[in-house]
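To be precise, the following lines are structure-v6.csv, and they hold CSV, C-alpha atoms.
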chain,number,residue,atom,x,y,z
A,29,MET,CA,-15.1,5.2,22.3
A,30,ASP,CA,-15.1,2.1,24.4
A,31,THR,CA,-16.0,-0.8,22.1
A,32,VAL,CA,-15.3,-4.4,21.2
A,33,SER,CA,-16.1,-6.1,17.8
A,34,ILE,CA,-15.9,-9.7,16.6
A,35,THR,CA,-15.9,-10.4,12.9
A,36,SER,CA,-16.3,-13.7,11.2
A,37,PRO,CA,-13.4,-15.1,9.1
A,38,ASP,CA,-15.2,-14.4,5.9
A,39,GLY,CA,-15.9,-10.8,7.0
A,40,ALA,CA,-19.7,-11.3,6.3
A,41,THR,CA,-20.9,-11.1,10.0
A,42,ARG,CA,-19.9,-8.7,12.7
A,43,VAL,CA,-21.0,-8.4,16.3
A,44,TRP,CA,-20.3,-5.0,17.9
A,45,ALA,CA,-20.8,-3.9,21.5
A,46,THR,CA,-20.0,-0.9,23.6
A,47,ARG,CA,-19.7,0.2,27.2
A,48,ASN,CA,-21.7,3.4,26.5
A,49,PRO,CA,-24.7,2.5,24.4
A,50,ASP,CA,-27.4,4.8,23.1
A,51,THR,CA,-30.3,3.4,25.2
A,52,SER,CA,-32.8,5.4,23.1
A,53,ALA,CA,-31.9,3.2,20.1
A,54,ALA,CA,-34.3,0.4,19.1
A,55,ALA,CA,-31.6,-2.2,19.8
A,56,TYR,CA,-28.2,-2.0,21.5
A,57,ASN,CA,-25.5,-4.3,22.7
A,58,VAL,CA,-23.5,-3.7,25.9
A,59,PHE,CA,-20.3,-5.6,26.5
A,60,THR,CA,-19.6,-6.4,30.2
A,61,ASP,CA,-16.3,-8.2,30.1
A,62,SER,CA,-13.3,-8.3,27.7
A,63,GLU,CA,-11.0,-10.5,29.8
A,64,GLY,CA,-7.8,-11.2,27.9
A,65,LEU,CA,-8.0,-8.1,25.9
A,66,ASP,CA,-8.0,-5.7,28.9
A,67,GLY,CA,-6.8,-8.0,31.7
A,68,GLY,CA,-3.5,-9.3,30.2
A,69,LEU,CA,-2.4,-12.7,29.1
A,70,GLY,CA,-4.1,-15.9,30.0
A,71,VAL,CA,-1.5,-18.4,28.8
A,72,GLU,CA,-1.5,-21.0,31.6
A,73,SER,CA,-4.4,-23.5,31.6
A,74,THR,CA,-5.1,-25.4,34.8
A,75,LYS,CA,-8.5,-26.8,33.9
A,76,THR,CA,-9.9,-29.3,31.4
A,77,ASP,CA,-13.1,-27.6,30.2
A,78,ARG,CA,-11.5,-25.4,27.5
A,79,LEU,CA,-10.8,-26.9,24.2
A,80,GLY,CA,-7.6,-25.3,23.0
A,81,ASP,CA,-5.9,-27.7,20.6
A,82,GLY,CA,-7.6,-30.7,22.2
A,83,THR,CA,-8.2,-32.0,25.7
A,84,VAL,CA,-6.4,-29.7,28.2
A,85,GLN,CA,-4.4,-31.4,30.9
A,86,SER,CA,-4.1,-29.6,34.2
A,87,GLY,CA,-1.1,-27.4,34.4
A,88,TRP,CA,-0.3,-27.5,30.7
A,89,ARG,CA,1.2,-24.2,29.6
A,90,ARG,CA,0.0,-22.8,26.2
A,91,PRO,CA,1.8,-19.9,24.4
A,92,GLY,CA,-1.4,-18.1,23.3
A,93,ARG,CA,-4.0,-15.8,24.8
A,94,GLU,CA,-7.3,-16.8,26.4
A,95,LEU,CA,-10.2,-14.3,25.8
A,96,THR,CA,-13.6,-14.2,27.4
A,97,ILE,CA,-16.0,-11.6,25.8
A,98,SER,CA,-19.3,-11.1,27.5
A,99,GLY,CA,-22.3,-8.8,27.0
A,100,VAL,CA,-26.0,-8.2,27.1
A,101,TRP,CA,-28.1,-7.4,24.0
A,102,PHE,CA,-31.4,-5.5,24.3
A,103,GLY,CA,-33.9,-5.2,21.4
A,104,PRO,CA,-37.6,-4.9,20.5
A,105,GLY,CA,-38.7,-8.5,20.1
A,106,GLU,CA,-38.2,-12.1,19.1
A,107,ALA,CA,-37.2,-11.6,15.4
A,108,GLU,CA,-34.4,-9.2,16.2
A,109,ALA,CA,-33.2,-11.3,19.1
A,110,ARG,CA,-33.0,-14.4,16.9
A,111,GLU,CA,-31.1,-12.5,14.3
A,112,PHE,CA,-28.6,-11.4,16.9
A,113,MET,CA,-28.2,-14.9,18.2
A,114,ASP,CA,-27.7,-16.2,14.7
A,115,ASP,CA,-25.0,-13.6,14.1
A,116,LEU,CA,-23.2,-14.4,17.3
A,117,THR,CA,-23.3,-18.1,16.6
A,118,HIS,CA,-21.9,-17.6,13.1
A,119,VAL,CA,-19.1,-15.4,14.3
A,120,ALA,CA,-18.1,-17.9,16.9
A,121,THR,CA,-18.4,-21.2,14.9
A,122,ALA,CA,-17.4,-20.2,11.4
A,123,GLU,CA,-14.3,-22.0,10.1
A,124,GLY,CA,-11.1,-20.2,10.7
A,125,PRO,CA,-10.1,-17.5,13.2
A,126,CYS,CA,-12.4,-14.5,13.8
A,127,GLU,CA,-11.0,-11.0,14.2
A,128,VAL,CA,-11.4,-9.3,17.6
A,129,ILE,CA,-10.9,-5.6,17.9
A,130,ARG,CA,-10.8,-3.6,21.1
A,131,THR,CA,-11.1,0.2,20.9
A,132,HIS,CA,-10.6,2.5,23.8
A,133,GLY,CA,-9.3,5.9,24.7
A,134,THR,CA,-5.7,5.0,23.9
A,135,GLY,CA,-6.3,3.5,20.5
A,136,GLN,CA,-7.1,0.1,19.0
A,137,ARG,CA,-5.8,-3.4,19.6
A,138,TRP,CA,-6.7,-6.5,17.6
A,139,CYS,CA,-6.0,-10.2,17.4
A,140,ARG,CA,-7.3,-13.3,15.7
A,141,ALA,CA,-9.0,-16.0,17.8
A,142,ARG,CA,-11.2,-19.0,17.6
A,143,LEU,CA,-13.9,-20.6,19.8
A,144,ASP,CA,-12.4,-22.3,22.8
A,145,GLY,CA,-15.3,-23.8,24.6
A,146,ASP,CA,-19.1,-23.6,24.6
A,147,PRO,CA,-20.7,-20.2,24.0
A,148,LYS,CA,-23.2,-19.2,26.7
A,149,ILE,CA,-26.3,-17.6,25.2
A,150,THR,CA,-29.4,-17.0,27.3
A,151,ALA,CA,-32.5,-15.2,25.9
A,152,LEU,CA,-35.5,-13.7,27.6
A,153,ILE,CA,-38.0,-12.9,25.0
A,154,GLU,CA,-41.5,-11.3,25.3
A,155,ASP,CA,-43.8,-10.0,22.6
A,156,ASP,CA,-42.2,-6.6,22.2
A,157,TRP,CA,-39.0,-6.8,24.2
A,158,ALA,CA,-36.0,-9.1,24.4
A,159,ARG,CA,-32.8,-9.5,26.3
A,160,VAL,CA,-29.9,-11.8,25.3
A,161,THR,CA,-27.0,-12.5,27.7
A,162,TRP,CA,-24.0,-13.9,25.9
A,163,GLN,CA,-20.4,-15.0,26.6
A,164,LEU,CA,-17.8,-16.3,24.1
A,165,PRO,CA,-14.7,-18.1,25.3
A,166,LEU,CA,-12.0,-17.6,22.6
A,167,TYR,CA,-8.3,-18.6,22.2
A,168,ALA,CA,-5.7,-16.7,20.2
A,169,PRO,CA,-2.7,-18.9,19.3
A,170,ASP,CA,-0.6,-15.8,18.8
A,171,PRO,CA,-0.5,-14.1,22.2
A,172,HIS,CA,0.3,-10.6,20.8
A,173,LEU,CA,-2.1,-7.7,20.3
A,174,TYR,CA,-1.6,-5.5,17.3
A,175,GLY,CA,-2.2,-1.8,16.6
A,176,GLN,CA,-1.7,0.5,13.7
A,177,PRO,CA,0.0,-0.8,10.5
A,178,ARG,CA,3.3,0.8,9.5
A,179,ARG,CA,4.6,0.5,5.9
A,180,VAL,CA,7.6,1.5,4.0
A,181,GLN,CA,9.1,0.7,0.6
A,182,ALA,CA,12.8,0.1,0.1
A,183,THR,CA,14.3,0.2,-3.5
A,184,THR,CA,17.5,-0.8,-5.1
A,185,PRO,CA,19.6,1.8,-6.9
A,186,GLY,CA,18.1,2.1,-10.4
A,187,ALA,CA,14.7,0.8,-9.5
A,188,ASP,CA,13.1,4.1,-10.4
A,189,TYR,CA,15.1,5.1,-13.5
A,190,GLY,CA,16.1,3.8,-16.9
A,191,LEU,CA,13.9,2.9,-19.9
A,192,VAL,CA,10.2,2.9,-19.1
A,193,TRP,CA,8.0,0.4,-20.9
A,194,PRO,CA,6.5,0.9,-23.5
A,195,LEU,CA,9.5,2.6,-25.0
A,196,TYR,CA,7.6,5.2,-26.9
A,197,ASP,CA,5.1,7.7,-25.5
A,198,PRO,CA,1.4,7.5,-26.5
A,199,ASP,CA,2.0,9.8,-29.6
A,200,GLY,CA,4.8,7.4,-30.8
A,201,GLU,CA,7.5,10.0,-30.5
A,202,GLY,CA,10.8,9.6,-28.7
A,203,LEU,CA,11.9,7.5,-25.7
A,204,ASP,CA,10.5,8.0,-22.2
A,205,TRP,CA,12.9,7.8,-19.2
A,206,GLY,CA,12.2,7.5,-15.6
A,207,SER,CA,13.8,9.7,-12.9
A,208,ASP,CA,17.5,9.2,-12.2
A,209,GLY,CA,18.0,8.7,-8.5
A,210,PRO,CA,19.5,6.7,-5.7
A,211,ALA,CA,18.1,3.8,-3.7
A,212,GLY,CA,14.9,4.8,-1.9
A,213,THR,CA,13.8,3.8,1.6
A,214,GLY,CA,12.4,5.3,4.8
A,215,PRO,CA,12.1,4.5,8.5
A,216,LEU,CA,9.9,1.6,9.7
A,217,VAL,CA,8.6,2.6,13.1
A,218,ASN,CA,7.2,0.4,15.9
A,219,MET,CA,5.2,2.4,18.4
A,220,GLY,CA,4.3,-0.8,20.4
A,221,ARG,CA,5.8,-2.2,23.6
A,222,ILE,CA,7.5,-5.3,22.2
A,223,GLU,CA,9.5,-6.1,19.0
A,224,ALA,CA,7.5,-6.3,15.8
A,225,TRP,CA,8.1,-9.0,13.1
A,226,PRO,CA,7.6,-7.6,9.6
A,227,THR,CA,6.2,-9.1,6.4
A,228,ALA,CA,7.7,-8.0,3.1
A,229,VAL,CA,6.8,-8.4,-0.6
A,230,VAL,CA,9.7,-8.2,-2.9
A,231,THR,CA,9.1,-7.4,-6.6
A,232,GLY,CA,11.3,-6.5,-9.6
A,233,ASN,CA,13.7,-8.0,-12.0
A,234,ALA,CA,16.4,-9.8,-10.0
A,235,ALA,CA,17.3,-13.0,-11.7
A,236,SER,CA,19.7,-14.2,-9.0
A,237,GLY,CA,17.8,-12.9,-6.0
A,238,PHE,CA,18.4,-10.2,-3.4
A,239,ARG,CA,19.3,-9.5,0.2
A,240,LEU,CA,17.1,-7.5,2.5
A,241,GLY,CA,18.6,-5.9,5.6
A,242,ASP,CA,17.6,-3.8,8.6
A,243,GLY,CA,20.4,-1.3,8.2
A,244,HIS,CA,22.1,-2.7,11.3
A,245,GLY,CA,24.0,-5.6,9.9
A,246,HIS,CA,21.2,-8.2,9.8
A,247,TRP,CA,20.6,-9.6,6.3
A,248,LEU,CA,18.1,-12.0,4.8
A,249,VAL,CA,19.4,-13.5,1.5
A,250,TYR,CA,17.0,-15.0,-1.1
A,251,ARG,CA,18.7,-16.9,-4.0
A,252,GLY,CA,15.9,-17.2,-6.4
A,253,ALA,CA,14.6,-15.3,-9.4
A,254,VAL,CA,12.2,-12.4,-8.6
A,255,THR,CA,10.0,-10.8,-11.2
A,256,GLU,CA,7.1,-8.4,-11.3
A,257,GLN,CA,4.8,-11.3,-12.2
A,258,ALA,CA,6.1,-13.6,-9.4
A,259,PRO,CA,7.0,-11.5,-6.3
A,260,VAL,CA,8.3,-13.1,-3.2
A,261,ARG,CA,6.5,-12.8,0.2
A,262,LEU,CA,8.6,-13.0,3.3
A,263,ASP,CA,7.0,-13.7,6.7
A,264,PHE,CA,9.7,-12.9,9.3
A,265,ALA,CA,7.7,-14.3,12.2
A,266,ALA,CA,7.2,-17.6,10.6
A,267,GLY,CA,10.6,-17.7,8.9
A,268,GLN,CA,9.0,-18.5,5.6
A,269,ALA,CA,9.3,-17.4,2.0
A,270,THR,CA,6.5,-18.0,-0.6
A,271,GLN,CA,6.3,-17.3,-4.3
A,272,SER,CA,3.3,-17.9,-6.6
A,273,GLY,CA,1.6,-19.7,-3.7
A,274,ALA,CA,4.5,-22.2,-3.2
A,275,ASP,CA,6.9,-22.5,-0.3
A,276,ARG,CA,10.3,-21.2,-1.3
A,277,THR,CA,11.9,-21.1,2.1
A,278,GLU,CA,14.7,-23.4,0.9
A,279,LEU,CA,16.0,-20.5,-1.2
A,280,VAL,CA,16.6,-18.3,1.8
A,281,THR,CA,20.2,-19.0,2.5
A,282,GLY,CA,21.0,-16.1,4.7
A,283,ARG,CA,18.5,-16.3,7.5
A,284,GLY,CA,19.0,-13.1,9.5
A,285,TRP,CA,15.3,-12.7,10.1
A,286,TRP,CA,15.2,-9.2,11.8
A,287,THR,CA,12.7,-7.3,13.9
A,288,VAL,CA,11.8,-3.7,14.7
A,289,PRO,CA,12.5,-3.0,18.3
A,290,ALA,CA,9.8,-1.8,20.8
A,291,GLY,CA,9.4,1.9,20.5
A,292,GLY,CA,12.2,2.0,17.9
A,293,GLN,CA,12.7,2.0,14.2
A,294,ILE,CA,14.9,0.5,11.4
A,295,THR,CA,15.6,1.6,7.8
A,296,PRO,CA,15.2,-1.4,5.4
A,297,VAL,CA,17.8,-1.8,2.8
A,298,ILE,CA,17.5,-4.1,-0.3
A,299,GLU,CA,20.2,-5.1,-2.7
A,300,PRO,CA,20.1,-7.4,-5.8
A,301,LEU,CA,22.6,-10.2,-5.9
A,302,GLN,CA,23.3,-9.7,-9.6
A,303,GLN,CA,24.7,-6.5,-10.9
A,304,GLY,CA,22.4,-4.5,-13.2
A,305,THR,CA,19.2,-5.9,-11.8
A,306,VAL,CA,16.6,-4.0,-9.7
A,307,CYS,CA,13.9,-4.8,-7.1
A,308,TRP,CA,11.9,-3.2,-4.4
A,309,ALA,CA,10.5,-4.4,-1.1
A,310,ASP,CA,7.2,-3.3,0.5
A,311,ALA,CA,7.6,-4.0,4.2
A,312,THR,CA,4.8,-3.9,6.8
A,313,ILE,CA,4.7,-4.2,10.6
A,314,TYR,CA,2.0,-3.5,13.2
A,315,ASP,CA,2.6,-1.8,16.5
A,316,THR,CA,2.9,-4.9,18.8
A,317,TYR,CA,1.8,-5.3,22.4
A,318,LEU,CA,1.4,-8.0,25.1
Would you mind writing the file out in structure tokens?
Amino acid sequence: MDTVSITSPDGATRVWATRNPDTSAAAYNVFTDSEGLDGGLGVESTKTDRLGDGTVQSGWRRPGRELTISGVWFGPGEAEAREFMDDLTHVATAEGPCEVIRTHGTGQRWCRARLDGDPKITALIEDDWARVTWQLPLYAPDPHLYGQPRRVQATTPGADYGLVWPLYDPDGEGLDWGSDGPAGTGPLVNMGRIEAWPTAVVTGNAASGFRLGDGHGHWLVYRGAVTEQAPVRLDFAAGQATQSGADRTELVTGRGWWTVPAGGQITPVIEPLQQGTVCWADATIYDTYL
């Protein structure tokens, strides 16, 4: 299927278009151009009529991706045409970045972008027939396109065994133990064409913190208490640690922010900094492309 969809930041409104519409349907939306999604990067601005982060000076180079999504909507009349135009305007102008997804024969690519100029919407409406030609100029600050998510959990030795709370089973008889086993992990695979930066959520009972590695000698060290009620979220691309909604990056003392290579894999390893404590990390990447 050859499609493109644009979803508002709140997820409430979605505009969907296809190259191969069912023309027998009451209304359909054909997309005619997806420049920037199919035609590569548009990172160098040599004009002044796109907004970007402000007035664009000629020749100024930006590190993001310019997108131009265009199409033609066909429907039965004025009410349906107005509804489509309202949806398109909401998707383009809602506060925050919209999600753009391109689906074709080789899979799916997505990015987050915001309006980067004036939308072009032209309607031709008759009593029982309408056509709306539209174009949205968008800008994605992150130039990468993303594909499928890949997730794996790494655990410290002892994270899945020992006394299980509550200590007694539902019938109030005896103690219940978990399974006795070694540290658990698995490969984190990047099927994309460039390196992927992970995010990780670390939970457990590690009063002095932990270190999280890629299995190849790169370690990130966090020297702060981690509990099940207050997990730590690590954003490797931003180089940031947050806990309970607060920035805790100052507690990251070993800043070996690692990546997963293009077409490769790593095996995350997590270790507590204090003997006898346990924690586990849920790591996520997306297949990453340019």
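Using all atoms listed in the file for every distance, the candidate list A:Asp315, A:Asp66, A:Asp50, A:Asp310 yields A:Asp315 as the residue closest to Val288 of chain A.
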Rank nothing, just name the residue among A:Thr184, A:Ile97, A:Glu123, A:Thr131 nearest to Pro147 of chain A, using all atoms listed in the file. A:Ile97
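Take atom CA of Gly175 of chain A and atom CA of Arg261 of chain A: the distance between them is 21.6 Å.
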Which residues are near Val260 of chain A? Cut-off 12 Å, all atoms listed in the file, ignore same chain within fewer than 4 positions. Put them as a PyMOL selection string. chain A and resi 227-234+237-238+240+250-256+268-277+279-280+307-311
Expected axis-aligned box over every listed atom of segment 142-156 of chain A, 5 Å added per side, centre plus edges in Å to one decimal, as lines of an AutoDock Vina configuration file:
center_x = -27.5
center_y = -15.2
center_z = 22.6
size_x = 42.6
size_y = 27.2
size_z = 20.0
Compile the contact shell of Asp61 of chain A as an mmCIF file with C-alpha atoms, in the coordinates of the input: residues with an atom at most 12 Å away, counting all atoms listed in the file, same-chain residues fewer than 2 positions apart removed.
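Written out: around.cif:
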data_model
loop_
_atom_site.group_PDB
_atom_site.id
_atom_site.type_symbol
_atom_site.label_atom_id
_atom_site.label_comp_id
_atom_site.auth_asym_id
_atom_site.auth_seq_id
_atom_site.Cartn_x
_atom_site.Cartn_y
_atom_site.Cartn_z
ATOM 1 C CA ASP A 30 -15.100 2.100 24.400
ATOM 2 C CA THR A 31 -16.000 -0.800 22.100
ATOM 3 C CA VAL A 32 -15.300 -4.400 21.200
ATOM 4 C CA ALA A 45 -20.800 -3.900 21.500
ATOM 5 C CA THR A 46 -20.000 -0.900 23.600
ATOM 6 C CA ARG A 47 -19.700 0.200 27.200
ATOM 7 C CA VAL A 58 -23.500 -3.700 25.900
ATOM 8 C CA PHE A 59 -20.300 -5.600 26.500
ATOM 9 C CA GLU A 63 -11.000 -10.500 29.800
ATOM 10 C CA GLY A 64 -7.800 -11.200 27.900
ATOM 11 C CA LEU A 65 -8.000 -8.100 25.900
ATOM 12 C CA ASP A 66 -8.000 -5.700 28.900
ATOM 13 C CA GLY A 67 -6.800 -8.000 31.700
ATOM 14 C CA LEU A 95 -10.200 -14.300 25.800
ATOM 15 C CA THR A 96 -13.600 -14.200 27.400
ATOM 16 C CA ILE A 97 -16.000 -11.600 25.800
ATOM 17 C CA SER A 98 -19.300 -11.100 27.500
ATOM 18 C CA GLY A 99 -22.300 -8.800 27.000
ATOM 19 C CA VAL A 100 -26.000 -8.200 27.100
ATOM 20 C CA ARG A 130 -10.800 -3.600 21.100
ATOM 21 C CA THR A 161 -27.000 -12.500 27.700
ATOM 22 C CA TRP A 162 -24.000 -13.900 25.900
ATOM 23 C CA GLN A 163 -20.400 -15.000 26.600
ATOM 24 C CA LEU A 164 -17.800 -16.300 24.100
ATOM 25 C CA PRO A 165 -14.700 -18.100 25.300
#
Kindly provide, as a short mmCIF file (atom, residue, chain, number, x, y, z; two decimals) with C-alpha atoms, in the coordinates of the input, the polymer residues lying within 7 Å of (17.0, -4.1, 10.5), counting all atoms listed in the file and using the coordinates exactly as they appear in the file.
data_model
loop_
_atom_site.label_atom_id
_atom_site.label_comp_id
_atom_site.auth_asym_id
_atom_site.auth_seq_id
_atom_site.Cartn_x
_atom_site.Cartn_y
_atom_site.Cartn_z
CA GLY A 241 18.60 -5.90 5.60
CA ASP A 242 17.60 -3.80 8.60
CA GLY A 243 20.40 -1.30 8.20
CA HIS A 244 22.10 -2.70 11.30
CA HIS A 246 21.20 -8.20 9.80
CA TRP A 286 15.20 -9.20 11.80
CA THR A 287 12.70 -7.30 13.90
CA VAL A 288 11.80 -3.70 14.70
CA ILE A 294 14.90 0.50 11.40
CA THR A 295 15.60 1.60 7.80
CA PRO A 296 15.20 -1.40 5.40
#
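Nearest to Leu152 of chain A of all the residues A:Gly304, A:Gly135, A:Gly103, A:Pro49 is A:Gly103, counting all atoms listed in the file.
You can rank A:Val297, A:Val160, A:Met219, A:Ala290 by their closest distance to Leu248 of chain A using all atoms listed in the file, and at the top of that list sits A:Val297.
Shortest atom-to-atom contact with Val128 of chain A among A:Pro215, A:Gly39, A:Gly291, A:Gly145: A:Gly39, counting all atoms listed in the file.
The space between atom CA of Glu106 of chain A and atom CA of Ile129 of chain A spans 28.1 Å.
The coordinates place atom CA of Phe102 of chain A at 18.6 Å from atom CA of Thr41 of chain A.
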Considering only C-alpha atoms, state which residue in the set A:Phe112, A:Tyr167, A:Trp225, A:Tyr314 is at the smallest distance from Trp285 of chain A. A:Trp225
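All protein and nucleic acid residues in the vicinity of (-4.6, -15.7, 24.9), that is within 8 Å when counting all atoms listed in the file, are Gly64, Leu69, Gly70, Val71, Pro91, Gly92, Arg93, Glu94, Leu95, Leu166, Tyr167, Ala168, Pro169, Asp170 and Pro171 of chain A.
Non-sequential neighbours of Val217 of chain A (distance at most 7 Å, separation of 3 or more positions within a chain, all atoms listed in the file) are Arg178, Gly292, Gln293 and Ile294 of chain A.
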Which residues are near Gly105 of chain A? Cut-off 12 Å, only C-alpha atoms, ignore same chain within fewer than 4 positions. Put them as an NGL selection string. :A and (54-55 or 101 or 109-112 or 151-160)
Atoms kept (C-alpha atoms) for selection, written as a PDB file, keeping the file's coordinate frame:
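Saved as again.pdb:
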ATOM      1  CA  ALA A  54     -34.300   0.400  19.100  1.00  0.00           C
ATOM      2  CA  ALA A  55     -31.600  -2.200  19.800  1.00  0.00           C
ATOM      3  CA  TRP A 101     -28.100  -7.400  24.000  1.00  0.00           C
ATOM      4  CA  ALA A 109     -33.200 -11.300  19.100  1.00  0.00           C
ATOM      5  CA  ARG A 110     -33.000 -14.400  16.900  1.00  0.00           C
ATOM      6  CA  GLU A 111     -31.100 -12.500  14.300  1.00  0.00           C
ATOM      7  CA  PHE A 112     -28.600 -11.400  16.900  1.00  0.00           C
ATOM      8  CA  ALA A 151     -32.500 -15.200  25.900  1.00  0.00           C
ATOM      9  CA  LEU A 152     -35.500 -13.700  27.600  1.00  0.00           C
ATOM     10  CA  ILE A 153     -38.000 -12.900  25.000  1.00  0.00           C
ATOM     11  CA  GLU A 154     -41.500 -11.300  25.300  1.00  0.00           C
ATOM     12  CA  ASP A 155     -43.800 -10.000  22.600  1.00  0.00           C
ATOM     13  CA  ASP A 156     -42.200  -6.600  22.200  1.00  0.00           C
ATOM     14  CA  TRP A 157     -39.000  -6.800  24.200  1.00  0.00           C
ATOM     15  CA  ALA A 158     -36.000  -9.100  24.400  1.00  0.00           C
ATOM     16  CA  ARG A 159     -32.800  -9.500  26.300  1.00  0.00           C
ATOM     17  CA  VAL A 160     -29.900 -11.800  25.300  1.00  0.00           C
TER      18      VAL A 160
END
